[in-house]
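**Student:** Contents are compact mmCIF, C-alpha atoms; file name run_13.txt:
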```
# COMPACT_ATOMS: atom_id res chain seq x y z
CA MET A 25 -0.20 -25.39 0.76
CA LYS A 26 -0.68 -25.86 -2.93
CA GLN A 27 -3.19 -23.55 -4.53
CA ASN A 28 -5.20 -23.35 -7.66
CA LEU A 29 -4.84 -19.67 -8.58
CA GLN A 30 -8.13 -19.49 -10.42
CA ASN A 31 -11.02 -17.91 -8.48
CA LEU A 32 -9.03 -17.44 -5.28
CA GLN A 33 -10.82 -15.45 -2.58
CA LEU A 34 -8.47 -12.62 -1.63
CA PRO A 35 -8.93 -10.36 1.40
CA GLY A 36 -10.82 -7.12 0.78
CA ILE A 37 -8.87 -3.91 0.31
CA PRO A 38 -9.05 -0.89 2.64
CA LEU A 39 -9.97 1.91 0.25
CA VAL A 40 -9.17 5.47 1.31
CA LEU A 41 -11.20 8.10 -0.57
CA SER A 42 -10.16 11.73 -0.17
CA GLY A 43 -10.69 14.87 -2.16
CA PRO A 44 -11.58 18.52 -1.67
CA SER A 45 -14.95 19.59 -0.35
CA GLY A 46 -17.21 19.73 -3.41
CA CYS A 47 -15.42 17.01 -5.44
CA GLY A 48 -18.42 14.72 -5.09
CA LYS A 49 -16.83 11.95 -3.05
CA GLY A 50 -19.89 11.55 -0.83
CA THR A 51 -22.03 10.88 -3.91
CA ILE A 52 -19.40 8.44 -5.23
CA VAL A 53 -19.40 6.53 -1.93
CA LYS A 54 -23.20 6.25 -2.13
CA ALA A 55 -22.92 5.01 -5.74
CA LEU A 56 -20.35 2.36 -4.73
CA LEU A 57 -22.53 1.08 -1.89
CA ARG A 58 -25.71 1.11 -3.99
CA LYS A 59 -24.29 -0.38 -7.19
CA TYR A 60 -21.86 -2.88 -5.64
CA PRO A 61 -23.31 -3.80 -2.22
CA GLU A 62 -21.51 -7.16 -2.23
CA LEU A 63 -18.10 -5.55 -2.86
CA PHE A 64 -18.07 -2.57 -0.50
CA ALA A 65 -18.84 -1.52 3.05
CA LEU A 66 -18.33 1.85 4.67
CA SER A 67 -16.07 2.25 7.68
CA VAL A 68 -17.81 4.23 10.41
CA SER A 69 -15.42 6.42 12.44
CA ALA A 70 -15.54 6.99 16.17
CA THR A 71 -15.68 10.54 17.51
CA THR A 72 -15.99 12.40 20.80
CA ARG A 73 -17.95 15.30 19.29
CA GLU A 74 -21.65 15.66 20.10
CA PRO A 75 -24.10 14.16 17.59
CA ARG A 76 -25.90 16.78 15.48
CA PRO A 77 -29.67 16.59 15.12
CA GLY A 78 -30.57 13.55 13.02
CA GLU A 79 -27.19 11.82 13.38
CA VAL A 80 -27.39 8.24 14.57
CA HIS A 81 -24.80 6.31 16.60
CA GLY A 82 -23.23 3.66 14.34
CA VAL A 83 -24.39 5.34 11.12
CA GLN A 84 -22.62 8.71 10.72
CA TYR A 85 -20.24 8.03 13.62
CA TYR A 86 -19.83 6.00 16.77
CA PHE A 87 -20.38 8.74 19.35
CA ILE A 88 -18.33 7.95 22.43
CA ASP A 89 -17.00 10.10 25.25
CA ARG A 90 -13.42 11.19 25.73
CA LYS A 91 -12.63 8.67 28.47
CA GLU A 92 -13.96 5.79 26.36
CA PHE A 93 -12.03 7.01 23.28
CA GLU A 94 -8.76 7.28 25.23
CA GLY A 95 -9.37 3.85 26.72
CA ARG A 96 -9.76 2.39 23.24
CA ILE A 97 -6.56 4.09 22.07
CA ALA A 98 -4.77 2.56 25.07
CA ASP A 99 -6.24 -0.89 24.28
CA GLY A 100 -5.02 -0.68 20.68
CA GLN A 101 -8.55 -0.74 19.32
CA ILE A 102 -8.13 2.49 17.32
CA LEU A 103 -6.09 2.10 14.12
CA GLU A 104 -5.49 5.84 13.69
CA TYR A 105 -6.95 9.05 15.07
CA THR A 106 -6.62 12.82 14.87
CA GLU A 107 -7.75 15.62 17.13
CA TYR A 108 -9.71 18.40 15.40
CA CYS A 109 -11.37 21.38 17.12
CA GLY A 110 -10.94 19.70 20.47
CA ASN A 111 -12.53 16.39 19.47
CA TYR A 112 -11.08 13.01 18.57
CA TYR A 113 -11.90 11.34 15.26
CA GLY A 114 -10.56 7.83 14.66
CA THR A 115 -10.85 4.56 12.76
CA PRO A 116 -11.72 1.53 14.91
CA LYS A 117 -9.66 -1.49 13.84
CA LYS A 118 -12.75 -3.67 14.03
CA GLU A 119 -14.45 -1.58 11.33
CA LEU A 120 -11.70 -2.45 8.93
CA TYR A 121 -10.40 -5.93 9.56
CA GLU A 122 -13.58 -7.85 10.31
CA ARG A 123 -14.82 -7.06 6.83
CA THR A 124 -11.63 -7.14 4.76
CA MET A 125 -11.05 -10.65 6.16
CA ARG A 126 -14.37 -11.62 4.59
CA GLY A 127 -13.29 -10.27 1.19
CA ILE A 128 -15.16 -6.96 1.45
CA ASN A 129 -13.47 -3.71 0.39
CA VAL A 130 -13.87 -1.19 3.21
CA ILE A 131 -14.24 2.48 2.26
CA LEU A 132 -12.64 5.09 4.50
CA GLU A 133 -13.86 8.55 3.50
CA ILE A 134 -11.22 10.53 5.36
CA GLU A 135 -9.13 13.68 5.10
CA VAL A 136 -5.50 13.81 4.05
CA GLU A 137 -4.06 13.58 7.57
CA GLY A 138 -6.01 10.38 8.30
CA ALA A 139 -5.11 9.07 4.84
CA MET A 140 -1.40 9.50 5.57
CA ASN A 141 -1.89 7.61 8.86
CA ILE A 142 -3.56 4.74 6.98
CA ARG A 143 -0.74 4.73 4.40
CA ARG A 144 1.76 4.23 7.22
CA LEU A 145 -0.21 1.74 9.33
CA CYS A 146 -1.90 -0.25 6.62
CA PRO A 147 0.35 -0.79 3.59
CA GLU A 148 -2.26 -2.92 1.80
CA ALA A 149 -4.64 0.07 1.59
CA VAL A 150 -5.33 1.78 -1.73
CA LEU A 151 -5.45 5.60 -1.59
CA ILE A 152 -7.60 7.35 -4.17
CA TYR A 153 -7.86 11.11 -4.55
CA VAL A 154 -11.00 12.45 -6.25
CA LEU A 155 -10.98 15.69 -8.22
CA PRO A 156 -13.43 17.39 -10.56
CA PRO A 157 -11.99 18.12 -14.04
CA ASP A 158 -10.82 21.64 -13.12
CA ALA A 159 -10.85 24.31 -10.41
CA GLU A 160 -13.77 26.25 -11.96
CA SER A 161 -15.90 23.16 -11.76
CA LEU A 162 -14.93 22.67 -8.09
CA GLU A 163 -15.94 26.25 -7.28
CA ALA A 164 -19.18 25.91 -9.23
CA ARG A 165 -20.06 22.77 -7.25
CA LEU A 166 -19.42 24.53 -3.93
CA ARG A 167 -21.59 27.47 -5.01
CA GLY A 168 -24.24 25.17 -6.45
CA ARG A 169 -24.90 23.70 -3.01
CA GLY A 170 -26.39 27.06 -2.07
CA THR A 171 -25.72 26.41 1.63
CA ASN A 172 -22.21 27.83 1.84
CA THR A 173 -21.37 31.47 2.55
CA GLU A 174 -18.84 33.28 0.34
CA GLU A 175 -16.35 33.16 3.20
CA ASP A 176 -16.92 29.43 3.61
CA ILE A 177 -16.36 28.81 -0.12
CA ARG A 178 -13.08 30.79 -0.05
CA ALA A 179 -11.92 28.82 3.00
CA ARG A 180 -12.74 25.47 1.36
CA LEU A 181 -10.89 26.41 -1.84
CA ALA A 182 -7.87 27.53 0.20
CA THR A 183 -7.87 24.19 2.05
CA ALA A 184 -8.13 22.31 -1.28
CA ARG A 185 -5.16 24.28 -2.60
CA GLU A 186 -3.11 23.22 0.44
CA GLU A 187 -4.22 19.60 0.42
CA ILE A 188 -3.52 18.92 -3.24
CA ARG A 189 0.19 19.14 -2.38
CA LEU A 190 -0.20 15.73 -0.76
CA LEU A 191 -1.50 14.20 -4.01
CA PRO A 192 1.85 12.41 -4.66
CA ALA A 193 1.24 10.34 -1.51
CA TYR A 194 -1.92 8.87 -3.07
CA ASP A 195 -1.98 5.91 -5.45
CA TYR A 196 -4.68 6.90 -7.92
CA LEU A 197 -6.40 10.03 -9.17
CA VAL A 198 -10.04 9.55 -10.17
CA ILE A 199 -11.72 12.42 -12.00
CA ASN A 200 -15.39 12.95 -11.25
CA ASP A 201 -16.33 14.13 -14.74
CA ASP A 202 -18.49 17.14 -15.37
CA ASN A 203 -20.75 16.40 -18.32
CA PRO A 204 -23.61 18.76 -19.07
CA SER A 205 -25.70 15.75 -20.10
CA CYS A 206 -25.10 13.86 -16.80
CA SER A 207 -26.60 14.41 -13.35
CA ALA A 208 -24.24 14.46 -10.34
CA GLU A 209 -25.48 10.92 -9.57
CA GLU A 210 -24.69 9.65 -13.08
CA SER A 211 -21.19 11.19 -13.00
CA ALA A 212 -20.64 9.60 -9.58
CA GLU A 213 -21.65 6.20 -10.99
CA ILE A 214 -19.06 6.55 -13.75
CA ALA A 215 -16.42 7.44 -11.13
CA ALA A 216 -17.57 4.47 -9.00
CA ASP A 217 -17.05 2.12 -11.97
CA ARG A 218 -13.53 3.50 -12.39
CA ILE A 219 -12.83 2.75 -8.73
CA VAL A 220 -14.15 -0.81 -9.09
CA ARG A 221 -11.80 -1.43 -12.02
CA ILE A 222 -8.89 0.00 -10.02
CA LEU A 223 -9.64 -2.46 -7.21
CA GLU A 224 -9.93 -5.33 -9.68
CA ALA A 225 -6.49 -4.43 -11.05
CA GLU A 226 -5.13 -4.09 -7.50
CA SER A 227 -6.37 -7.60 -6.69
CA ARG A 228 -4.01 -8.86 -9.43
CA ARG A 229 -0.94 -7.13 -7.96
CA VAL A 230 1.89 -9.57 -7.47
CA SER A 231 2.33 -8.28 -3.91
CA ARG A 232 -1.24 -9.38 -3.07
CA ASN A 233 -0.78 -12.83 -4.64
CA LEU A 234 2.73 -13.83 -3.71
CA GLU A 235 1.77 -16.11 -0.83
CA ASN A 236 -0.39 -18.19 -3.15
CA ALA A 237 1.79 -18.04 -6.27
CA VAL A 238 4.98 -19.01 -4.45
CA HIS A 239 3.61 -22.54 -4.03
CA PHE A 240 2.82 -22.91 -7.72
CA PHE A 241 5.28 -25.78 -8.25
CA ASP A 242 5.07 -27.38 -4.78
CA MET B 14 -0.25 25.12 -18.48
CA LYS B 15 -3.69 24.76 -17.02
CA GLN B 16 -5.43 21.54 -17.84
CA ASN B 17 -8.89 20.14 -17.80
CA LEU B 18 -8.31 16.66 -16.35
CA GLN B 19 -11.31 15.11 -18.07
CA ASN B 20 -10.52 13.09 -21.22
CA LEU B 21 -6.80 13.85 -21.16
CA GLN B 22 -4.75 11.93 -23.73
CA LEU B 23 -2.00 10.19 -21.78
CA PRO B 24 1.02 8.48 -23.35
CA GLY B 25 0.66 4.76 -24.01
CA ILE B 26 2.19 2.30 -21.57
CA PRO B 27 5.00 -0.15 -22.41
CA LEU B 28 3.49 -3.48 -21.40
CA VAL B 29 5.86 -6.36 -20.67
CA LEU B 30 4.21 -9.78 -20.88
CA SER B 31 6.15 -12.76 -19.61
CA GLY B 32 5.27 -16.22 -18.43
CA PRO B 33 6.41 -19.82 -18.77
CA SER B 34 6.28 -21.62 -22.08
CA GLY B 35 2.74 -23.04 -22.30
CA CYS B 36 1.04 -20.31 -20.22
CA GLY B 37 -0.79 -19.06 -23.30
CA LYS B 38 0.77 -15.60 -23.57
CA GLY B 39 1.05 -15.78 -27.35
CA THR B 40 -2.70 -16.39 -27.61
CA ILE B 41 -3.34 -13.54 -25.15
CA VAL B 42 -1.23 -11.15 -27.25
CA LYS B 43 -3.24 -12.13 -30.34
CA ALA B 44 -6.48 -11.53 -28.42
CA LEU B 45 -5.30 -8.07 -27.28
CA LEU B 46 -4.38 -7.05 -30.84
CA ARG B 47 -7.57 -8.46 -32.36
CA LYS B 48 -10.04 -7.20 -29.74
CA TYR B 49 -8.42 -3.83 -28.99
CA PRO B 50 -6.55 -2.82 -32.17
CA GLU B 51 -6.79 0.89 -31.27
CA LEU B 52 -5.22 0.35 -27.82
CA PHE B 53 -2.32 -2.01 -28.54
CA ALA B 54 0.61 -2.57 -30.86
CA LEU B 55 3.25 -5.27 -30.70
CA SER B 56 6.91 -4.37 -30.36
CA VAL B 57 9.00 -6.25 -32.91
CA SER B 58 12.46 -7.18 -31.62
CA ALA B 59 15.68 -7.05 -33.60
CA THR B 60 17.87 -10.16 -33.80
CA THR B 61 21.04 -11.39 -35.45
CA ARG B 62 19.80 -14.97 -35.79
CA GLU B 63 18.89 -16.31 -39.22
CA PRO B 64 15.21 -16.16 -40.18
CA ARG B 65 13.46 -19.53 -40.08
CA PRO B 66 11.35 -20.64 -43.04
CA GLY B 67 8.25 -18.45 -43.23
CA GLU B 68 9.56 -15.71 -40.91
CA VAL B 69 9.29 -12.21 -42.36
CA HIS B 70 11.55 -9.23 -41.63
CA GLY B 71 9.56 -6.70 -39.59
CA VAL B 72 6.91 -9.22 -38.56
CA GLN B 73 8.46 -11.87 -36.28
CA TYR B 74 11.75 -9.95 -35.98
CA TYR B 75 13.90 -7.36 -37.65
CA PHE B 76 16.66 -9.60 -38.99
CA ILE B 77 19.91 -7.65 -39.06
CA ASP B 78 23.55 -8.72 -39.06
CA ARG B 79 25.95 -8.53 -36.15
CA LYS B 80 27.78 -5.44 -37.40
CA GLU B 81 24.52 -3.55 -37.88
CA PHE B 82 23.22 -4.64 -34.43
CA GLU B 83 26.41 -3.52 -32.70
CA GLY B 84 26.29 -0.23 -34.61
CA ARG B 85 22.76 0.37 -33.34
CA ILE B 86 23.80 -0.43 -29.76
CA ALA B 87 26.63 2.12 -30.13
CA ASP B 88 24.19 4.71 -31.54
CA GLY B 89 21.84 4.26 -28.58
CA GLN B 90 19.06 2.91 -30.83
CA ILE B 91 18.63 -0.32 -28.84
CA LEU B 92 16.81 0.10 -25.52
CA GLU B 93 17.91 -3.27 -24.12
CA TYR B 94 19.39 -6.47 -25.50
CA THR B 95 20.57 -9.90 -24.46
CA GLU B 96 22.82 -12.46 -26.12
CA TYR B 97 21.40 -15.96 -26.33
CA CYS B 98 22.96 -18.98 -28.09
CA GLY B 99 25.42 -16.67 -29.81
CA ASN B 100 22.81 -14.26 -31.18
CA TYR B 101 21.67 -10.81 -30.11
CA TYR B 102 18.02 -10.13 -29.32
CA GLY B 103 17.01 -6.56 -28.53
CA THR B 104 14.26 -3.94 -28.32
CA PRO B 105 14.67 -0.99 -30.73
CA LYS B 106 13.79 2.28 -28.97
CA LYS B 107 11.82 3.38 -32.04
CA GLU B 108 9.46 0.40 -31.65
CA LEU B 109 8.48 1.62 -28.23
CA TYR B 110 8.50 5.40 -28.10
CA GLU B 111 7.04 6.32 -31.50
CA ARG B 112 3.85 4.55 -30.52
CA THR B 113 3.59 5.23 -26.79
CA MET B 114 3.90 8.95 -27.67
CA ARG B 115 0.76 8.54 -29.78
CA GLY B 116 -1.14 6.99 -26.83
CA ILE B 117 -0.73 3.36 -27.93
CA ASN B 118 0.20 0.69 -25.40
CA VAL B 119 3.15 -1.29 -26.77
CA ILE B 120 3.36 -4.99 -25.91
CA LEU B 121 6.77 -6.52 -25.31
CA GLU B 122 6.48 -10.30 -25.19
CA ILE B 123 9.86 -10.97 -23.62
CA GLU B 124 11.63 -13.29 -21.20
CA VAL B 125 12.46 -12.46 -17.60
CA GLU B 126 15.97 -11.16 -18.33
CA GLY B 127 14.67 -8.65 -20.89
CA ALA B 128 11.81 -7.78 -18.54
CA MET B 129 14.28 -6.88 -15.77
CA ASN B 130 16.16 -4.67 -18.26
CA ILE B 131 12.92 -2.86 -19.17
CA ARG B 132 12.10 -2.43 -15.46
CA ARG B 133 15.43 -0.67 -14.97
CA LEU B 134 15.46 1.41 -18.17
CA CYS B 135 11.79 2.25 -18.49
CA PRO B 136 10.16 2.89 -15.10
CA GLU B 137 6.80 3.74 -16.72
CA ALA B 138 6.47 0.16 -18.05
CA VAL B 139 3.95 -2.25 -16.53
CA LEU B 140 5.21 -5.82 -16.04
CA ILE B 141 2.65 -8.61 -16.14
CA TYR B 142 3.38 -12.25 -15.48
CA VAL B 143 0.97 -14.80 -16.94
CA LEU B 144 0.36 -18.17 -15.28
CA PRO B 145 -2.16 -20.95 -15.77
CA PRO B 146 -4.14 -21.80 -12.61
CA ASP B 147 -1.75 -24.56 -11.52
CA ALA B 148 1.33 -26.55 -12.47
CA GLU B 149 -0.69 -29.56 -13.74
CA SER B 150 -2.47 -27.31 -16.17
CA LEU B 151 0.85 -25.90 -17.41
CA GLU B 152 2.19 -29.40 -18.02
CA ALA B 153 -1.03 -30.46 -19.74
CA ARG B 154 -0.79 -27.46 -22.08
CA LEU B 155 2.81 -28.30 -22.99
CA ARG B 156 1.85 -31.93 -23.70
CA GLY B 157 -1.29 -30.86 -25.54
CA ARG B 158 0.76 -29.08 -28.17
CA GLY B 159 1.95 -32.51 -29.31
CA THR B 160 5.09 -31.03 -30.81
CA ASN B 161 7.36 -31.21 -27.75
CA THR B 162 9.48 -34.21 -26.78
CA GLU B 163 9.37 -35.51 -23.21
CA GLU B 164 12.85 -34.10 -22.68
CA ASP B 165 11.76 -30.74 -24.02
CA ILE B 166 8.73 -30.64 -21.70
CA ARG B 167 10.95 -31.45 -18.68
CA ALA B 168 13.37 -28.68 -19.68
CA ARG B 169 10.59 -26.12 -20.09
CA LEU B 170 9.08 -26.99 -16.70
CA ALA B 171 12.52 -26.71 -15.07
CA THR B 172 12.99 -23.26 -16.64
CA ALA B 173 9.53 -22.20 -15.44
CA ARG B 174 10.43 -23.32 -11.92
CA GLU B 175 13.55 -21.14 -12.02
CA GLU B 176 11.89 -18.12 -13.59
CA ILE B 177 8.96 -17.94 -11.19
CA ARG B 178 11.45 -16.81 -8.53
CA LEU B 179 11.53 -13.46 -10.31
CA LEU B 180 7.77 -13.03 -9.93
CA PRO B 181 8.21 -10.43 -7.14
CA ALA B 182 9.87 -8.13 -9.69
CA TYR B 183 6.66 -8.04 -11.74
CA ASP B 184 3.72 -5.72 -11.06
CA TYR B 185 0.74 -7.93 -11.80
CA LEU B 186 -0.10 -11.62 -12.01
CA VAL B 187 -2.75 -12.50 -14.58
CA ILE B 188 -4.15 -16.02 -14.48
CA ASN B 189 -5.05 -17.55 -17.83
CA ASP B 190 -8.00 -19.57 -16.54
CA ASP B 191 -8.59 -23.16 -17.47
CA ASN B 192 -12.31 -23.73 -17.89
CA PRO B 193 -13.50 -26.97 -19.46
CA SER B 194 -16.26 -24.99 -21.18
CA CYS B 195 -13.85 -22.47 -22.79
CA SER B 196 -11.51 -22.84 -25.75
CA ALA B 197 -7.93 -21.59 -25.38
CA GLU B 198 -8.97 -18.54 -27.44
CA GLU B 199 -11.91 -17.75 -25.17
CA SER B 200 -9.75 -18.05 -22.03
CA ALA B 201 -7.17 -15.79 -23.67
CA GLU B 202 -9.86 -13.19 -24.36
CA ILE B 203 -10.85 -13.20 -20.69
CA ALA B 204 -7.18 -12.72 -19.73
CA ALA B 205 -6.88 -9.95 -22.35
CA ASP B 206 -9.85 -8.12 -20.77
CA ARG B 207 -8.14 -8.37 -17.38
CA ILE B 208 -5.02 -6.79 -18.87
CA VAL B 209 -7.05 -3.96 -20.42
CA ARG B 210 -8.59 -3.16 -17.04
CA ILE B 211 -5.14 -3.22 -15.42
CA LEU B 212 -3.93 -0.65 -17.97
CA GLU B 213 -7.02 1.48 -17.42
CA ALA B 214 -6.28 1.49 -13.68
CA GLU B 215 -2.60 2.25 -14.37
CA SER B 216 -3.62 5.26 -16.47
CA ARG B 217 -5.20 6.68 -13.28
CA ARG B 218 -2.02 6.30 -11.20
CA VAL B 219 -1.07 9.57 -9.56
CA SER B 220 2.48 9.13 -10.85
CA ARG B 221 1.18 9.19 -14.45
CA ASN B 222 -1.01 12.27 -13.86
CA LEU B 223 1.07 14.47 -11.62
CA GLU B 224 2.29 16.82 -14.36
CA ASN B 225 -1.29 17.64 -15.28
CA ALA B 226 -2.80 17.64 -11.80
CA VAL B 227 -0.14 19.87 -10.30
CA HIS B 228 -1.54 22.82 -12.29
CA PHE B 229 -5.07 22.26 -11.04
CA PHE B 230 -5.28 25.59 -9.21
CA ASP B 231 -3.03 27.64 -11.51
```
So, in terms of structure tokens, how does the structure I just supplied come out?

**Tutor:**
Amino acid sequence: MKQNLQNLQLPGIPLVLSGPSGCGKGTIVKALLRKYPELFALSVSATTREPRPGEVHGVQYYFIDRKEFEGRIADGQILEYTEYCGNYYGTPKKELYERTMRGINVILEIEVEGAMNIRRLCPEAVLIYVLPPDAESLEARLRGRGTNTEEDIRARLATAREEIRLLPAYDYLVINDDNPSCSAEESAEIAADRIVRILEAESRRVSRNLENAVHFFD
Amino acid sequence: MKQNLQNLQLPGIPLVLSGPSGCGKGTIVKALLRKYPELFALSVSATTREPRPGEVHGVQYYFIDRKEFEGRIADGQILEYTEYCGNYYGTPKKELYERTMRGINVILEIEVEGAMNIRRLCPEAVLIYVLPPDAESLEARLRGRGTNTEEDIRARLATAREEIRLLPAYDYLVINDDNPSCSAEESAEIAADRIVRILEAESRRVSRNLENAVHFFD
């Protein structure tokens, strides 16, 4: 079918956001959802672990039991999952495709293993890795939280050191700047704007427009 | 060497702009150079064809003779070249690398054959194809110039129809919108802004940042 290429409504993009503990990705996700509510939605994962006090089904996670989770895997309702400390964590297909079909970019805030699964299963996804400007700044952020023990901070830095080896499998690196004159929220807003411009550029990729452009002269 | 990833100066990007005759790419190039003079420079090609009245050496082209051109090919000074209607047209390496090294994005307004050469020789280049919103609009722009014969218009449309088959070899498709309320210059400025945001996103590609990011924990 012949298309006018101006103002086409393209499907939304599955957006994987990863980064070491302390990089500020949680604050960036909040900034994306607050500043661009019409562009983004958050994918809620399913898990078999018990809800912690204050956690709500359908908000932090879909809390389901092991039998239910395995049934959904068998039915093909789970796009990807991992097992961690004896519990399943997974991405329900519905979370992703119902909204991307309506033009909404769906954020998956997941760890590197899940990100690699999405890369394989969902080639249209964009994978962004978030880092602070340098390692000192990462450590300072972890300490600044005040809730982590020294041992915990060491463990998180060691994990970050391991995970960064998978950076080449990501598409983009977004730095969450560290400006003395900016609050964490203001820095996260700047990083969120960078992510929005990356998705705008991605929407102009030839690979995402070929089906429409191929009929240009029909 | 350890790096702070905030405000890093990256090399400029070689930016190939192609598109059918009448798509408005010349006006877009002018808009990029006028609106973002600190970000962009235009690569001037070398050619063995005779200068036309009003053409200036070093502005439209570097006009050099056949012996000189072939000498430069032999010396490795020409990045890529094609022969067309008995004349050489080529991109001097100096045009590109002297400026990208200083962080300037260098625009190459070249045809599909040259673009494919750049793709092969210069993997860091970004290839953008410019199209109007539809084929009617392309034809209207060609007629609107008032300087083309009917035969000429037919020939240009036939070439466009052939060339668009190479669209999958480009990275991005930028539509030069056709709004009744906008002049050609205003539309070109909107397209130029799209290109600037594409280059901003490209500067955050992991592949362009790996050398710096790999030393994050050193």

**Student:** Can you measure atom CA of Glu175 of chain A to atom CA of Gly46 of chain A for me? One decimal in Å is fine.

**Tutor:** 15.0 Å

**Student:** Residues of chain A that have any atom at most 10 Å from an atom of chain B: could you tabulate them with the shortest-distance atom pair and the distance in Å to one decimal, using only C-alpha atoms, ordered by chain and increasing number, as a Markdown table?

**Tutor:**
```
| residue | atom | partner | partner_atom | distance |
| --- | --- | --- | --- | --- |
| A:Lys26 | CA | B:Asp147 | CA | 8.8 |
| A:Gln27 | CA | B:Asp147 | CA | 7.2 |
| A:Asn28 | CA | B:Pro146 | CA | 5.3 |
| A:Leu29 | CA | B:Pro146 | CA | 4.6 |
| A:Gln30 | CA | B:Pro146 | CA | 5.1 |
| A:Asn31 | CA | B:Asp190 | CA | 8.8 |
| A:Leu32 | CA | B:Pro146 | CA | 9.8 |
| A:Leu151 | CA | B:Val219 | CA | 9.9 |
| A:Ile152 | CA | B:Val219 | CA | 8.8 |
| A:Tyr153 | CA | B:Val219 | CA | 8.6 |
| A:Leu155 | CA | B:Leu18 | CA | 8.6 |
| A:Pro156 | CA | B:Leu18 | CA | 7.8 |
| A:Pro157 | CA | B:Leu18 | CA | 4.6 |
| A:Asp158 | CA | B:Asn17 | CA | 5.3 |
| A:Ala159 | CA | B:Phe230 | CA | 5.8 |
| A:Glu160 | CA | B:Phe230 | CA | 8.9 |
| A:Ser161 | CA | B:Asn17 | CA | 9.7 |
| A:Leu181 | CA | B:Phe230 | CA | 9.3 |
| A:Ala182 | CA | B:Phe230 | CA | 10.0 |
| A:Ala184 | CA | B:Phe230 | CA | 9.0 |
| A:Arg185 | CA | B:Phe230 | CA | 6.7 |
| A:Ile188 | CA | B:Val227 | CA | 7.9 |
| A:Arg189 | CA | B:Val227 | CA | 8.0 |
| A:Leu191 | CA | B:Val219 | CA | 7.2 |
| A:Pro192 | CA | B:Val219 | CA | 6.4 |
| A:Ala193 | CA | B:Val219 | CA | 8.4 |
| A:Tyr194 | CA | B:Val219 | CA | 6.6 |
| A:Asp195 | CA | B:Val219 | CA | 5.6 |
| A:Tyr196 | CA | B:Arg218 | CA | 4.3 |
| A:Leu197 | CA | B:Val219 | CA | 5.4 |
| A:Val198 | CA | B:Arg217 | CA | 6.4 |
| A:Ile199 | CA | B:Gln19 | CA | 6.7 |
| A:Asn200 | CA | B:Gln19 | CA | 8.2 |
| A:Asp201 | CA | B:Gln19 | CA | 6.1 |
| A:Asp202 | CA | B:Gln19 | CA | 7.9 |
| A:Asn203 | CA | B:Gln19 | CA | 9.5 |
| A:Arg218 | CA | B:Ala214 | CA | 7.6 |
| A:Ile219 | CA | B:Ala214 | CA | 8.3 |
| A:Val220 | CA | B:Ala214 | CA | 9.4 |
| A:Arg221 | CA | B:Arg210 | CA | 6.2 |
| A:Ile222 | CA | B:Ala214 | CA | 4.7 |
| A:Leu223 | CA | B:Ala214 | CA | 8.3 |
| A:Glu224 | CA | B:Ile211 | CA | 7.8 |
| A:Ala225 | CA | B:Ile211 | CA | 4.7 |
| A:Glu226 | CA | B:Ile211 | CA | 8.0 |
| A:Ser227 | CA | B:Tyr185 | CA | 8.8 |
| A:Arg228 | CA | B:Tyr185 | CA | 5.4 |
| A:Arg229 | CA | B:Tyr185 | CA | 4.3 |
| A:Val230 | CA | B:Tyr185 | CA | 4.8 |
| A:Ser231 | CA | B:Pro181 | CA | 7.0 |
| A:Arg232 | CA | B:Tyr185 | CA | 9.1 |
| A:Asn233 | CA | B:Leu186 | CA | 7.5 |
| A:Leu234 | CA | B:Pro181 | CA | 7.3 |
| A:Ala237 | CA | B:Leu180 | CA | 8.6 |
| A:Val238 | CA | B:Ile177 | CA | 7.9 |
| A:His239 | CA | B:Asp147 | CA | 9.4 |
| A:Phe240 | CA | B:Ala148 | CA | 6.2 |
| A:Phe241 | CA | B:Ala148 | CA | 5.8 |
| A:Asp242 | CA | B:Ala148 | CA | 8.6 |
```

**Student:** Could you tell me how far atom CA of Thr171 of chain A lies from atom CA of Glu135 of chain A, in Å and to one decimal?

**Tutor:**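 A separation of 21.2 Å between them.
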
**Student:** Write out as a list in words which residues come within 7 Å of segment 89-103 of chain A when counting only C-alpha atoms, dropping same-chain ones fewer than 5 positions away.

**Tutor:**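 Skipping anything fewer than 5 positions along the chain leaves Thr72, Gly114, Thr115, Pro116 and Lys117 of chain A.
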
**Student:** With all atoms listed in the file as the atoms that count, which of B:Gly116, B:Ser196, B:Val143, B:Gly157 lies nearest to Gly37 of chain B?

**Tutor:**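 Closest candidate: B:Val143.
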
**Student:** Can you pull out the residues contacting Lys49 of chain A? Cut-off 9 Å, using only C-alpha atoms, and skip same-chain residues under 4 positions away; I want them as a list in words.

**Tutor:** Leu41, Ser42, Gly43, Pro44, Ser45, Val53, Lys54, Glu133, Val154, Leu155, Asn200 and Ala212 of chain A

**Student:** Grab the residues selected above and save them as a PDB file, in the frame of the given file with C-alpha atoms.

**Tutor:**
```
ATOM      1  CA  LEU A  41     -11.200   8.100  -0.570  1.00  0.00           C
ATOM      2  CA  SER A  42     -10.160  11.730  -0.170  1.00  0.00           C
ATOM      3  CA  GLY A  43     -10.690  14.870  -2.160  1.00  0.00           C
ATOM      4  CA  PRO A  44     -11.580  18.520  -1.670  1.00  0.00           C
ATOM      5  CA  SER A  45     -14.950  19.590  -0.350  1.00  0.00           C
ATOM      6  CA  VAL A  53     -19.400   6.530  -1.930  1.00  0.00           C
ATOM      7  CA  LYS A  54     -23.200   6.250  -2.130  1.00  0.00           C
ATOM      8  CA  GLU A 133     -13.860   8.550   3.500  1.00  0.00           C
ATOM      9  CA  VAL A 154     -11.000  12.450  -6.250  1.00  0.00           C
ATOM     10  CA  LEU A 155     -10.980  15.690  -8.220  1.00  0.00           C
ATOM     11  CA  ASN A 200     -15.390  12.950 -11.250  1.00  0.00           C
ATOM     12  CA  ALA A 212     -20.640   9.600  -9.580  1.00  0.00           C
TER      13      ALA A 212
END
```
